[in-house]
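Engineer: Below is the file work-v4.tsv, which contains TSV, C-alpha atoms.
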```
chain	number	residue	atom	x	y	z
A	1	MET	CA	23.65	-45.55	-35.98
A	2	SER	CA	21.77	-47.53	-33.38
A	3	ASP	CA	18.63	-46.27	-31.64
A	4	ALA	CA	19.94	-46.98	-28.17
A	5	ALA	CA	22.98	-44.73	-28.15
A	6	PRO	CA	24.85	-44.91	-24.85
A	7	ARG	CA	25.55	-41.71	-22.94
A	8	LYS	CA	29.13	-40.62	-23.37
A	9	ARG	CA	31.36	-37.90	-22.03
A	10	GLY	CA	32.75	-35.37	-24.46
A	11	PRO	CA	36.40	-34.99	-25.35
A	12	PHE	CA	36.89	-31.90	-23.13
A	13	PRO	CA	36.95	-33.39	-19.65
A	14	MET	CA	38.40	-30.12	-18.33
A	15	GLY	CA	35.21	-28.22	-19.20
A	16	TRP	CA	33.98	-26.21	-22.14
A	17	ARG	CA	35.78	-22.96	-21.40
A	18	ASP	CA	39.09	-24.76	-21.02
A	19	GLY	CA	38.21	-26.66	-24.17
A	20	ILE	CA	37.96	-23.38	-26.07
A	21	ARG	CA	41.34	-22.33	-24.74
A	22	SER	CA	42.82	-25.62	-25.83
A	23	LEU	CA	41.52	-25.00	-29.35
A	24	PHE	CA	43.68	-21.92	-29.70
A	25	ALA	CA	46.67	-22.74	-27.54
A	26	GLY	CA	49.86	-21.74	-29.31
A	27	ARG	CA	48.08	-20.03	-32.20
A	28	GLY	CA	48.63	-16.51	-30.99
A	29	GLY	CA	44.91	-15.80	-30.96
A	30	ILE	CA	43.99	-15.94	-27.31
A	31	GLU	CA	45.65	-12.80	-26.00
A	32	PRO	CA	43.93	-10.18	-28.19
A	33	ALA	CA	40.56	-11.86	-27.68
A	34	VAL	CA	41.09	-12.05	-23.92
A	35	ARG	CA	41.93	-8.33	-23.82
A	36	ILE	CA	38.75	-7.41	-25.73
A	37	ARG	CA	36.69	-9.68	-23.52
A	38	GLU	CA	38.09	-8.16	-20.34
A	39	ARG	CA	37.39	-4.62	-21.55
A	40	VAL	CA	33.78	-5.58	-22.29
A	41	GLN	CA	33.45	-7.33	-18.92
A	42	ARG	CA	34.69	-4.20	-17.13
A	43	GLY	CA	32.24	-2.04	-19.05
A	44	ASP	CA	35.03	-0.09	-20.78
A	45	LEU	CA	33.69	-1.26	-24.12
A	46	ARG	CA	30.11	-1.96	-25.15
A	47	LEU	CA	29.50	-5.53	-26.27
A	48	ALA	CA	28.53	-4.38	-29.78
A	49	ASP	CA	31.84	-2.53	-30.13
A	50	GLY	CA	33.78	-5.42	-28.65
A	51	LEU	CA	32.25	-7.80	-31.17
A	52	GLU	CA	33.35	-5.54	-34.03
A	53	LYS	CA	36.90	-5.40	-32.65
A	54	LEU	CA	36.80	-9.16	-32.38
A	55	ARG	CA	35.99	-9.35	-36.12
A	56	ARG	CA	39.17	-7.46	-36.92
A	57	THR	CA	41.16	-9.70	-34.58
A	58	ALA	CA	39.69	-12.81	-36.21
A	59	ALA	CA	40.84	-11.57	-39.61
A	60	SER	CA	44.43	-11.37	-38.39
A	61	ILE	CA	44.67	-14.94	-37.07
A	62	ARG	CA	46.26	-17.63	-39.18
A	63	PRO	CA	43.86	-20.57	-39.51
A	64	GLY	CA	45.01	-23.71	-37.78
A	65	GLY	CA	44.72	-25.91	-34.73
A	66	LEU	CA	41.89	-28.16	-33.66
A	67	LEU	CA	39.19	-25.79	-34.88
A	68	LEU	CA	40.42	-26.01	-38.45
A	69	ASP	CA	40.87	-29.78	-38.15
A	70	TRP	CA	37.28	-29.99	-36.95
A	71	GLY	CA	36.02	-27.91	-39.87
A	72	ARG	CA	37.92	-29.99	-42.41
A	73	CYS	CA	36.61	-33.20	-40.90
A	74	GLN	CA	33.02	-32.17	-40.27
A	75	LEU	CA	32.45	-30.04	-43.36
A	76	GLY	CA	35.06	-31.20	-45.84
A	77	LEU	CA	36.29	-27.62	-46.25
A	78	SER	CA	38.11	-26.86	-49.49
A	79	PRO	CA	41.46	-25.05	-49.11
A	80	ALA	CA	39.92	-21.97	-50.72
A	81	ALA	CA	37.13	-21.85	-48.13
A	82	GLU	CA	39.22	-22.48	-45.04
A	83	ALA	CA	40.33	-18.94	-44.21
A	84	GLU	CA	36.87	-17.36	-44.23
A	85	TRP	CA	35.30	-20.33	-42.45
A	86	PHE	CA	37.95	-20.26	-39.71
A	87	GLN	CA	37.60	-16.52	-39.10
A	88	ARG	CA	33.84	-16.77	-38.75
A	89	ALA	CA	33.91	-19.89	-36.55
A	90	TRP	CA	36.65	-18.45	-34.32
A	91	TRP	CA	34.71	-15.19	-33.99
A	92	GLY	CA	31.54	-17.08	-33.07
A	93	LEU	CA	33.20	-19.04	-30.29
A	94	TRP	CA	34.66	-15.93	-28.67
A	95	ALA	CA	31.60	-13.80	-29.31
A	96	GLY	CA	29.49	-16.45	-27.60
A	97	GLU	CA	31.71	-16.35	-24.53
A	98	MET	CA	31.48	-12.56	-24.42
A	99	PHE	CA	27.70	-12.59	-24.80
A	100	ARG	CA	27.40	-15.14	-21.99
A	101	ASP	CA	29.59	-13.00	-19.71
A	102	GLN	CA	27.34	-10.02	-20.23
A	103	VAL	CA	23.93	-11.65	-20.14
A	104	HIS	CA	24.68	-13.24	-16.76
A	105	SER	CA	25.97	-10.01	-15.26
A	106	VAL	CA	23.36	-7.83	-13.58
A	107	PRO	CA	25.03	-4.50	-14.52
A	108	GLN	CA	25.86	-5.64	-18.08
A	109	HIS	CA	22.69	-7.63	-18.84
A	110	ASP	CA	21.03	-4.86	-20.86
A	111	ASP	CA	24.21	-4.40	-22.90
A	112	ALA	CA	23.91	-8.04	-23.97
A	113	MET	CA	20.17	-7.89	-24.68
A	114	ALA	CA	20.67	-4.82	-26.87
A	115	ILE	CA	22.29	-6.91	-29.59
A	116	ILE	CA	19.28	-9.22	-29.93
A	117	ASP	CA	17.01	-8.17	-32.79
A	118	ARG	CA	13.44	-8.23	-31.60
A	119	PRO	CA	11.31	-10.70	-33.58
A	120	SER	CA	7.92	-9.81	-34.96
A	121	PRO	CA	5.23	-9.25	-32.29
A	122	VAL	CA	3.31	-11.92	-34.15
A	123	LEU	CA	5.61	-14.46	-32.55
A	124	LEU	CA	4.70	-13.42	-29.02
A	125	ASP	CA	1.04	-13.26	-29.96
A	126	ARG	CA	1.35	-16.84	-31.15
A	127	PHE	CA	2.86	-17.93	-27.83
A	128	ARG	CA	0.24	-16.15	-25.77
A	129	ALA	CA	-2.90	-16.50	-27.83
A	130	THR	CA	-3.59	-20.17	-28.01
A	131	GLY	CA	-4.18	-20.90	-24.34
A	132	ARG	CA	-2.56	-24.26	-25.01
A	133	GLY	CA	0.86	-25.30	-23.90
A	134	ARG	CA	3.64	-24.83	-26.40
A	135	ILE	CA	6.89	-26.74	-26.73
A	136	LEU	CA	9.98	-24.85	-27.90
A	137	ALA	CA	12.80	-27.06	-29.14
A	138	GLY	CA	16.23	-25.49	-28.88
A	139	ALA	CA	19.75	-26.73	-29.59
A	140	HIS	CA	23.27	-25.88	-28.50
A	141	VAL	CA	24.07	-23.64	-31.45
A	142	GLY	CA	24.64	-19.90	-31.65
A	143	PRO	CA	25.29	-17.64	-28.65
A	144	PRO	CA	24.78	-19.55	-25.39
A	145	HIS	CA	21.70	-18.66	-23.33
A	146	ALA	CA	20.54	-15.96	-25.77
A	147	ALA	CA	17.32	-17.79	-26.62
A	148	LEU	CA	16.61	-18.38	-22.94
A	149	ALA	CA	17.44	-14.77	-22.03
A	150	TRP	CA	14.98	-13.53	-24.66
A	151	LEU	CA	12.24	-15.88	-23.46
A	152	LEU	CA	12.77	-14.77	-19.86
A	153	GLU	CA	12.43	-11.15	-20.91
A	154	GLN	CA	8.95	-11.85	-22.33
A	155	LYS	CA	7.58	-12.91	-18.93
A	156	LEU	CA	5.92	-15.98	-20.39
A	157	PRO	CA	4.83	-18.82	-18.09
A	158	LEU	CA	8.10	-20.55	-18.85
A	159	LEU	CA	9.64	-23.83	-17.78
A	160	ALA	CA	13.12	-24.33	-19.21
A	161	TRP	CA	15.51	-27.22	-18.87
A	162	THR	CA	18.95	-25.72	-18.45
A	163	ALA	CA	22.03	-25.91	-16.30
A	164	ALA	CA	21.98	-22.10	-16.06
A	165	ALA	CA	20.97	-20.72	-12.69
A	166	THR	CA	17.75	-18.71	-12.49
A	167	ALA	CA	19.48	-15.99	-10.51
A	168	SER	CA	22.07	-15.34	-13.19
A	169	PHE	CA	19.93	-13.61	-15.81
A	170	GLY	CA	20.13	-10.08	-14.53
A	171	GLY	CA	16.97	-10.42	-12.48
A	172	THR	CA	14.75	-11.12	-15.50
A	173	ALA	CA	13.91	-14.69	-14.53
A	174	ALA	CA	11.25	-13.90	-11.94
A	175	GLY	CA	8.24	-16.16	-12.40
A	176	ALA	CA	10.04	-18.62	-14.63
A	177	SER	CA	11.28	-22.05	-13.67
A	178	LEU	CA	14.74	-23.11	-14.77
A	179	VAL	CA	15.26	-26.77	-14.03
A	180	ASP	CA	18.23	-29.05	-14.40
A	181	ALA	CA	16.29	-31.96	-15.86
A	182	SER	CA	19.01	-34.47	-15.07
A	183	CYS	CA	18.27	-34.09	-11.33
A	184	GLU	CA	14.78	-35.53	-11.20
A	185	PRO	CA	13.37	-38.65	-12.85
A	186	ASN	CA	9.91	-37.05	-12.81
A	187	SER	CA	11.11	-33.93	-14.68
A	188	LEU	CA	9.31	-34.91	-17.89
A	189	THR	CA	6.05	-35.44	-16.03
A	190	LEU	CA	6.39	-32.03	-14.35
A	191	ALA	CA	6.93	-30.53	-17.81
A	192	ALA	CA	3.73	-32.23	-18.97
A	193	PHE	CA	1.80	-30.72	-16.03
A	194	HIS	CA	3.21	-27.29	-16.88
A	195	LEU	CA	2.15	-27.64	-20.51
A	196	ARG	CA	-1.35	-28.77	-19.56
A	197	ARG	CA	-1.74	-25.51	-17.66
A	198	GLY	CA	-0.97	-23.64	-20.88
A	199	GLY	CA	2.70	-22.99	-20.10
A	200	VAL	CA	5.68	-22.71	-22.43
A	201	PHE	CA	8.33	-25.43	-22.19
A	202	PHE	CA	11.81	-24.86	-23.63
A	203	ALA	CA	14.51	-27.54	-23.86
A	204	ALA	CA	17.36	-28.45	-26.17
A	205	ILE	CA	16.95	-31.54	-28.32
A	206	ASP	CA	20.67	-32.26	-27.91
A	207	GLY	CA	20.58	-31.81	-24.13
A	208	GLY	CA	20.41	-35.49	-23.36
A	209	ALA	CA	19.32	-34.86	-19.78
A	210	ALA	CA	16.10	-36.84	-19.90
A	211	GLY	CA	14.48	-39.49	-22.02
A	212	ARG	CA	16.12	-42.06	-24.21
A	213	LEU	CA	18.84	-40.99	-26.61
A	214	ILE	CA	19.08	-41.65	-30.31
A	215	LEU	CA	21.91	-40.70	-32.60
A	216	LEU	CA	21.10	-38.28	-35.40
A	217	ARG	CA	23.45	-37.37	-38.22
A	218	PHE	CA	24.80	-33.82	-38.10
A	219	LEU	CA	27.37	-32.62	-40.66
A	220	ASN	CA	29.82	-35.50	-41.16
A	221	GLY	CA	29.23	-36.83	-37.66
A	222	GLY	CA	26.34	-37.40	-35.32
A	223	VAL	CA	24.71	-36.07	-32.16
A	224	ARG	CA	22.91	-37.91	-29.40
A	225	CYS	CA	19.46	-36.37	-29.07
A	226	SER	CA	16.88	-36.90	-26.36
A	227	THR	CA	13.50	-38.40	-27.23
A	228	ALA	CA	11.97	-36.61	-24.24
A	229	ILE	CA	10.68	-33.63	-26.23
A	230	PRO	CA	9.08	-35.61	-29.06
A	231	ALA	CA	7.65	-37.95	-26.42
A	232	LEU	CA	5.87	-34.98	-24.83
A	233	ALA	CA	4.73	-33.59	-28.16
A	234	ARG	CA	3.30	-36.97	-29.18
A	235	ARG	CA	1.50	-37.72	-25.95
A	236	LEU	CA	0.04	-34.26	-25.33
A	237	GLU	CA	-0.54	-33.51	-29.03
A	238	LEU	CA	0.82	-30.01	-28.60
A	239	PRO	CA	2.23	-27.56	-31.13
A	240	THR	CA	6.00	-27.48	-31.15
A	241	GLU	CA	8.42	-24.96	-32.59
A	242	ARG	CA	12.11	-24.92	-33.30
A	243	PHE	CA	13.47	-22.05	-31.22
A	244	LEU	CA	17.05	-20.85	-31.71
A	245	ALA	CA	19.03	-17.67	-31.21
A	246	LEU	CA	21.61	-17.27	-33.97
A	247	TRP	CA	24.37	-14.88	-34.87
A	248	LYS	CA	23.61	-12.79	-37.94
A	249	GLY	CA	26.54	-10.48	-38.48
A	250	ASN	CA	27.35	-8.95	-35.11
A	251	ARG	CA	23.77	-9.26	-33.94
A	252	ILE	CA	21.55	-12.07	-32.70
A	253	THR	CA	18.28	-13.07	-34.34
A	254	ILE	CA	15.51	-15.26	-32.95
A	255	ASP	CA	14.73	-18.16	-35.28
A	256	CYS	CA	11.36	-19.75	-34.54
A	257	GLU	CA	9.43	-22.00	-36.88
A	258	PRO	CA	6.80	-24.70	-36.31
A	259	VAL	CA	8.13	-28.25	-36.36
A	260	ALA	CA	6.27	-30.37	-38.87
A	261	ARG	CA	4.28	-33.01	-37.03
A	262	ALA	CA	5.35	-36.55	-37.80
A	263	ALA	CA	2.86	-38.69	-39.68
A	264	ALA	CA	0.15	-40.39	-37.68
A	265	GLY	CA	0.31	-44.15	-37.51
A	266	LEU	CA	4.07	-44.41	-36.97
A	267	ASP	CA	5.31	-46.46	-34.05
A	268	GLU	CA	6.89	-44.45	-31.24
A	269	ALA	CA	10.53	-44.90	-32.26
A	270	SER	CA	9.80	-43.95	-35.87
A	271	TRP	CA	7.65	-41.00	-34.79
A	272	ASN	CA	10.35	-39.68	-32.47
A	273	ARG	CA	13.01	-40.03	-35.15
A	274	ALA	CA	10.81	-38.29	-37.75
A	275	TRP	CA	10.09	-35.42	-35.33
A	276	LEU	CA	13.75	-35.01	-34.40
A	277	GLU	CA	14.72	-35.20	-38.06
A	278	ALA	CA	12.34	-32.32	-38.80
A	279	CYS	CA	14.26	-30.31	-36.17
A	280	ARG	CA	17.66	-31.54	-37.33
A	281	GLN	CA	17.51	-30.49	-40.96
A	282	PRO	CA	17.37	-26.70	-40.47
A	283	ILE	CA	19.93	-26.85	-37.65
A	284	ASP	CA	22.28	-28.82	-39.89
A	285	GLU	CA	21.81	-26.15	-42.53
A	286	VAL	CA	22.71	-23.43	-39.99
A	287	LEU	CA	25.90	-25.27	-39.07
A	288	ARG	CA	26.88	-25.68	-42.73
A	289	THR	CA	26.23	-22.11	-43.79
A	290	SER	CA	27.03	-19.94	-40.76
A	291	PRO	CA	30.20	-21.10	-38.97
A	292	GLU	CA	29.82	-18.44	-36.28
A	293	ASN	CA	26.87	-20.44	-34.95
A	294	ILE	CA	28.86	-23.59	-34.33
A	295	ARG	CA	28.98	-23.99	-30.61
A	296	ARG	CA	29.74	-27.15	-28.73
A	297	LEU	CA	32.18	-28.83	-31.05
A	298	ARG	CA	31.95	-32.06	-29.11
A	299	PHE	CA	28.21	-32.19	-29.65
A	300	TRP	CA	28.64	-32.04	-33.37
A	301	SER	CA	31.38	-34.61	-33.60
A	302	GLU	CA	30.14	-37.73	-31.89
A	303	GLY	CA	30.09	-39.84	-35.05
A	304	ALA	CA	32.91	-42.20	-35.74
A	305	ILE	CA	34.48	-40.05	-38.41
A	306	CYS	CA	36.15	-37.52	-36.12
A	307	LYS	CA	37.43	-39.92	-33.52
A	308	GLU	CA	40.75	-40.16	-35.31
A	309	ILE	CA	41.57	-36.56	-34.37
A	310	GLY	CA	40.26	-36.91	-30.83
A	311	LEU	CA	37.20	-34.67	-31.14
B	1	MET	CA	-0.48	-56.18	-1.24
B	2	GLU	CA	-3.42	-58.39	-0.38
B	3	GLN	CA	-7.06	-57.74	-1.20
B	4	GLN	CA	-6.25	-55.22	-3.83
B	5	SER	CA	-8.76	-52.57	-4.67
B	6	PRO	CA	-9.63	-52.12	-8.36
B	7	THR	CA	-7.58	-48.88	-8.26
B	8	ALA	CA	-4.53	-50.61	-6.84
B	9	ALA	CA	-4.84	-53.40	-9.37
B	10	ALA	CA	-5.02	-50.89	-12.21
B	11	VAL	CA	-1.99	-48.94	-10.98
B	12	LEU	CA	0.07	-52.11	-10.50
B	13	ALA	CA	-0.85	-53.34	-13.97
B	14	ILE	CA	0.28	-50.02	-15.44
B	15	LEU	CA	3.54	-50.14	-13.49
B	16	ARG	CA	4.21	-53.69	-14.72
B	17	ARG	CA	3.53	-52.62	-18.30
B	18	HIS	CA	6.12	-49.83	-18.12
B	19	ALA	CA	8.70	-51.47	-15.84
B	20	ALA	CA	12.23	-51.73	-17.18
B	21	ALA	CA	13.51	-55.11	-18.25
B	22	GLY	CA	14.44	-56.82	-15.00
B	23	GLY	CA	12.47	-54.28	-12.94
B	24	THR	CA	10.40	-55.51	-10.02
B	25	VAL	CA	6.95	-54.27	-9.03
B	26	THR	CA	6.70	-55.07	-5.35
B	27	GLU	CA	5.34	-53.00	-2.48
B	28	ASP	CA	8.79	-52.03	-1.21
B	29	ALA	CA	10.36	-51.43	-4.62
B	30	THR	CA	11.36	-47.90	-5.62
B	31	LEU	CA	9.75	-46.50	-8.76
B	32	PHE	CA	13.09	-45.65	-10.36
B	33	ASP	CA	16.62	-47.06	-10.46
B	34	ALA	CA	16.89	-50.61	-9.12
B	35	GLY	CA	13.19	-50.98	-8.33
B	36	VAL	CA	10.61	-50.72	-11.10
B	37	GLY	CA	13.33	-49.04	-13.14
B	38	LEU	CA	11.14	-46.37	-14.72
B	39	ASP	CA	12.90	-43.70	-16.74
B	40	SER	CA	11.43	-40.23	-17.29
B	41	ILE	CA	9.34	-41.26	-20.31
B	42	GLY	CA	8.20	-44.43	-18.56
B	43	PHE	CA	7.07	-42.46	-15.51
B	44	LEU	CA	5.15	-40.02	-17.71
B	45	ASP	CA	3.41	-42.98	-19.33
B	46	VAL	CA	2.54	-44.37	-15.91
B	47	VAL	CA	1.01	-41.06	-14.80
B	48	LEU	CA	-0.97	-40.58	-18.01
B	49	GLY	CA	-2.06	-44.23	-17.90
B	50	ILE	CA	-3.30	-43.90	-14.31
B	51	GLU	CA	-5.24	-40.74	-15.17
B	52	GLU	CA	-7.03	-42.55	-17.96
B	53	ALA	CA	-7.61	-45.83	-16.14
B	54	VAL	CA	-8.55	-44.45	-12.71
B	55	GLY	CA	-10.29	-41.27	-13.79
B	56	ILE	CA	-8.30	-38.73	-11.79
B	57	ARG	CA	-6.07	-35.85	-12.78
B	58	LEU	CA	-2.64	-35.83	-11.15
B	59	GLY	CA	-0.44	-32.79	-10.51
B	60	GLU	CA	2.78	-31.67	-8.84
B	61	GLU	CA	1.24	-32.09	-5.39
B	62	ASP	CA	0.88	-35.81	-6.11
B	63	LEU	CA	4.56	-36.31	-6.83
B	64	THR	CA	6.08	-35.59	-3.45
B	65	GLU	CA	9.13	-37.49	-2.24
B	66	GLU	CA	6.97	-39.28	0.29
B	67	VAL	CA	4.43	-40.42	-2.31
B	68	MET	CA	7.08	-41.58	-4.75
B	69	ALA	CA	9.23	-43.37	-2.19
B	70	THR	CA	8.01	-46.86	-3.08
B	71	VAL	CA	5.44	-48.67	-5.19
B	72	GLY	CA	3.36	-49.13	-2.06
B	73	SER	CA	3.28	-45.46	-1.11
B	74	PHE	CA	2.50	-44.48	-4.70
B	75	VAL	CA	-0.37	-46.95	-5.03
B	76	ALA	CA	-1.77	-45.93	-1.64
B	77	HIS	CA	-1.73	-42.27	-2.66
B	78	VAL	CA	-3.55	-42.96	-5.92
B	79	GLU	CA	-6.15	-44.95	-3.99
B	80	ARG	CA	-6.69	-42.01	-1.61
B	81	ARG	CA	-7.03	-39.61	-4.53
B	82	ARG	CA	-9.52	-41.91	-6.23
B	83	ALA	CA	-11.53	-42.30	-3.04
B	84	ALA	CA	-11.69	-38.54	-2.61
B	85	VAL	CA	-13.43	-37.99	-5.95
B	86	ARG	CA	-16.01	-40.75	-5.51
B	87	PRO	CA	-19.55	-39.41	-5.16
```
I'd like the structure from this file rewritten - as structure tokens, please.

Structural biologist:
Amino acid sequence: MSDAAPRKRGPFPMGWRDGIRSLFAGRGGIEPAVRIRERVQRGDLRLADGLEKLRRTAASIRPGGLLLDWGRCQLGLSPAAEAEWFQRAWWGLWAGEMFRDQVHSVPQHDDAMAIIDRPSPVLLDRFRATGRGRILAGAHVGPPHAALAWLLEQKLPLLAWTAAATASFGGTAAGASLVDASCEPNSLTLAAFHLRRGGVFFAAIDGGAAGRLILLRFLNGGVRCSTAIPALARRLELPTERFLALWKGNRITIDCEPVARAAAGLDEASWNRAWLEACRQPIDEVLRTSPENIRRLRFWSEGAICKEIGL
Amino acid sequence: MEQQSPTAAAVLAILRRHAAAGGTVTEDATLFDAGVGLDSIGFLDVVLGIEEAVGIRLGEEDLTEEVMATVGSFVAHVERRRAAVRP
């Protein structure tokens, strides 16, 4: 894997939502999930209840299609493990879509937030107490926008790199800055200014919107990760934490742990790779052990191994 | 840029150090894309380098579209900022 990985479009040129549909086309699984999703969207069913119904639907679907191919390729699933893995991964994809529907809906926002388990107050104390900027490193795993929604709810001095619109978080985003980092070449410098004022900066390591990209191994493939976040951490010498929201059963937990600082004395490329590797290892473990947290399949399949099946 | 001030010379040296391969540091060149060719990390390094070399602290107000239009406008702005903090 070379250090200068070129940017590349994913295999779902029609968009992620259509990509999900294409995963299940012809498998007989879309219709029941769509019905549950629509009931939750209308408010006829609470999200928590819809997610439980979705579990039962998942159990009735015969494993197959691109999702199963992906699991076999990326994880080397044994035949005995395929059925359970497929049910959990299928559930996670649909559950993520349903959570996203709700969290971006003003009337349904609280219904979505109610399934997030509140982390220890110690975590918030840690964010607020130091007076120093803090970098939170996310990734595209687990329910989409759940980590960001939780951060917005805390009313921290937050700058987040995301394609999500500020206005679409049920009115909780007041005072925060949500920035599409790909728009501005000075976005990293603006993040540095924000951190120097003691702010919190949240961005995904696999976002690829800013900085140079390097390819890291994930599962049996690889992911292009931005060096922008380690570049900030190195230059400003700030504490950084891995910050993820993950499915645990039918609920969402906040996973936040300090990222081990890379050894002093390394050159920049080695330091960045060591820092990203410290983030990668626990995320890789999540993807191996909790299939419901697999999210953007294309992001986890950029290595050469899966090209033969078009992922 | 004739008769460069020490501040201008310092800023230009920093820009040359972080310019992309094939990038040009001329008065009319843009800081990004086909000009100096800075990427986001390169621009951060330029800003932090200027702060250290020139002895000023930059912020959002220093990164307006007008200031960042060209190398010349950027250097001129840093010179004004430096002049403003001189005793």

Engineer: Which residues are close to stretch 31-33 of chain A, i.e. within 9 Å by only C-alpha atoms, leaving aside same-chain residues fewer than 2 positions away? Reply as a ChimeraX atom specification.

Structural biologist: /A:28-29,35-38,53-54,57-58,94

Engineer: Of the candidates A:Ala274, A:Leu68, A:Ile205, A:Ala80, which shows the shortest atom-to-atom distance to A:His140, using all atoms listed in the file?

Structural biologist: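 The answer is A:Ile205, which sits nearest to A:His140.
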
Engineer: Between A:Arg288, A:Arg212, A:Arg134, A:Arg72, which is the closest to A:Val259 once you count all atoms listed in the file?

Structural biologist: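 For A:Val259, the nearest of the candidates is A:Arg134.
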
Engineer: Rounded to one decimal in Å, what is the spacing between atom CA of A:Arg261 and atom CA of A:Phe243?

Structural biologist: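 Taking atom CA of A:Arg261 as the start and atom CA of A:Phe243 as the end point, the length is 15.4 Å.
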
Engineer: Counting only C-alpha atoms, give me one row per residue of chain A with an atom at most 10 Å from an atom of chain B, showing the shortest contact pair and its distance in Å to one decimal, sorted by chain then residue number, as JSON lines.

Structural biologist:
```
{"residue": "A:Ala181", "atom": "CA", "partner": "B:Ser40", "partner_atom": "CA", "distance": 9.7}
{"residue": "A:Ser182", "atom": "CA", "partner": "B:Ser40", "partner_atom": "CA", "distance": 9.8}
{"residue": "A:Glu184", "atom": "CA", "partner": "B:Ser40", "partner_atom": "CA", "distance": 8.4}
{"residue": "A:Pro185", "atom": "CA", "partner": "B:Ser40", "partner_atom": "CA", "distance": 5.1}
{"residue": "A:Asn186", "atom": "CA", "partner": "B:Ser40", "partner_atom": "CA", "distance": 5.7}
{"residue": "A:Ser187", "atom": "CA", "partner": "B:Ser40", "partner_atom": "CA", "distance": 6.8}
{"residue": "A:Leu188", "atom": "CA", "partner": "B:Ser40", "partner_atom": "CA", "distance": 5.8}
{"residue": "A:Thr189", "atom": "CA", "partner": "B:Leu44", "partner_atom": "CA", "distance": 5.0}
{"residue": "A:Leu190", "atom": "CA", "partner": "B:Glu60", "partner_atom": "CA", "distance": 6.6}
{"residue": "A:Ala191", "atom": "CA", "partner": "B:Leu44", "partner_atom": "CA", "distance": 9.7}
{"residue": "A:Ala192", "atom": "CA", "partner": "B:Leu44", "partner_atom": "CA", "distance": 8.0}
{"residue": "A:Phe193", "atom": "CA", "partner": "B:Gly59", "partner_atom": "CA", "distance": 6.3}
{"residue": "A:His194", "atom": "CA", "partner": "B:Glu60", "partner_atom": "CA", "distance": 9.2}
{"residue": "A:Arg196", "atom": "CA", "partner": "B:Gly59", "partner_atom": "CA", "distance": 9.9}
{"residue": "A:Ala209", "atom": "CA", "partner": "B:Ser40", "partner_atom": "CA", "distance": 9.9}
{"residue": "A:Ala210", "atom": "CA", "partner": "B:Ser40", "partner_atom": "CA", "distance": 6.3}
{"residue": "A:Gly211", "atom": "CA", "partner": "B:Ser40", "partner_atom": "CA", "distance": 5.7}
{"residue": "A:Arg212", "atom": "CA", "partner": "B:Ile41", "partner_atom": "CA", "distance": 7.9}
{"residue": "A:Thr227", "atom": "CA", "partner": "B:Ile41", "partner_atom": "CA", "distance": 8.6}
{"residue": "A:Ala228", "atom": "CA", "partner": "B:Ile41", "partner_atom": "CA", "distance": 6.6}
{"residue": "A:Ile229", "atom": "CA", "partner": "B:Ile41", "partner_atom": "CA", "distance": 9.7}
{"residue": "A:Ala231", "atom": "CA", "partner": "B:Ile41", "partner_atom": "CA", "distance": 7.2}
{"residue": "A:Leu232", "atom": "CA", "partner": "B:Ile41", "partner_atom": "CA", "distance": 8.5}
{"residue": "A:Arg235", "atom": "CA", "partner": "B:Asp45", "partner_atom": "CA", "distance": 8.7}
{"residue": "A:Leu236", "atom": "CA", "partner": "B:Leu48", "partner_atom": "CA", "distance": 9.7}
```

Engineer: Keeping C-alpha atoms, export the residues of the selection given above as a tab-separated table (two decimals), keeping the file's coordinate frame.

Structural biologist:
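Result file is result21.tsv:
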```
chain	number	residue	atom	x	y	z
A	181	ALA	CA	16.29	-31.96	-15.86
A	182	SER	CA	19.01	-34.47	-15.07
A	184	GLU	CA	14.78	-35.53	-11.20
A	185	PRO	CA	13.37	-38.65	-12.85
A	186	ASN	CA	9.91	-37.05	-12.81
A	187	SER	CA	11.11	-33.93	-14.68
A	188	LEU	CA	9.31	-34.91	-17.89
A	189	THR	CA	6.05	-35.44	-16.03
A	190	LEU	CA	6.39	-32.03	-14.35
A	191	ALA	CA	6.93	-30.53	-17.81
A	192	ALA	CA	3.73	-32.23	-18.97
A	193	PHE	CA	1.80	-30.72	-16.03
A	194	HIS	CA	3.21	-27.29	-16.88
A	196	ARG	CA	-1.35	-28.77	-19.56
A	209	ALA	CA	19.32	-34.86	-19.78
A	210	ALA	CA	16.10	-36.84	-19.90
A	211	GLY	CA	14.48	-39.49	-22.02
A	212	ARG	CA	16.12	-42.06	-24.21
A	227	THR	CA	13.50	-38.40	-27.23
A	228	ALA	CA	11.97	-36.61	-24.24
A	229	ILE	CA	10.68	-33.63	-26.23
A	231	ALA	CA	7.65	-37.95	-26.42
A	232	LEU	CA	5.87	-34.98	-24.83
A	235	ARG	CA	1.50	-37.72	-25.95
A	236	LEU	CA	0.04	-34.26	-25.33
```

Engineer: Select, from B:Ala69, B:Val85, B:Val54, B:Ala19, the residue with the minimum atom-to-atom distance to B:Pro6, counting all atoms listed in the file.

Structural biologist: B:Val54

Engineer: Quick one: 6 Å padding each side, axis-aligned, all listed atoms of stretch 77-86 of chain B - centre and edge lengths in Å to one decimal, as JSON?

Structural biologist:
```
{"center_x": -8.9, "center_y": -41.5, "center_z": -3.9, "size_x": 26.3, "size_y": 19.0, "size_z": 16.6}
```

Engineer: Write out as a list in words the residues lying within 9 Å of B:Glu79, counting all atoms listed in the file and excluding same-chain residues fewer than 6 positions away.

Structural biologist: Ser5, Thr7 and Ala8 of chain B

Engineer: At what distance in Å, to one decimal, does atom CA of A:Val141 lie from atom CA of A:Cys225?

Structural biologist: 13.7 Å

Engineer: With all atoms listed in the file as the counted atoms, please give the residues lying no more than 8 Å from B:Ala53, apart from itself and same-chain residues fewer than 3 positions off, as a ChimeraX atom specification.

Structural biologist: /B:10,49-50
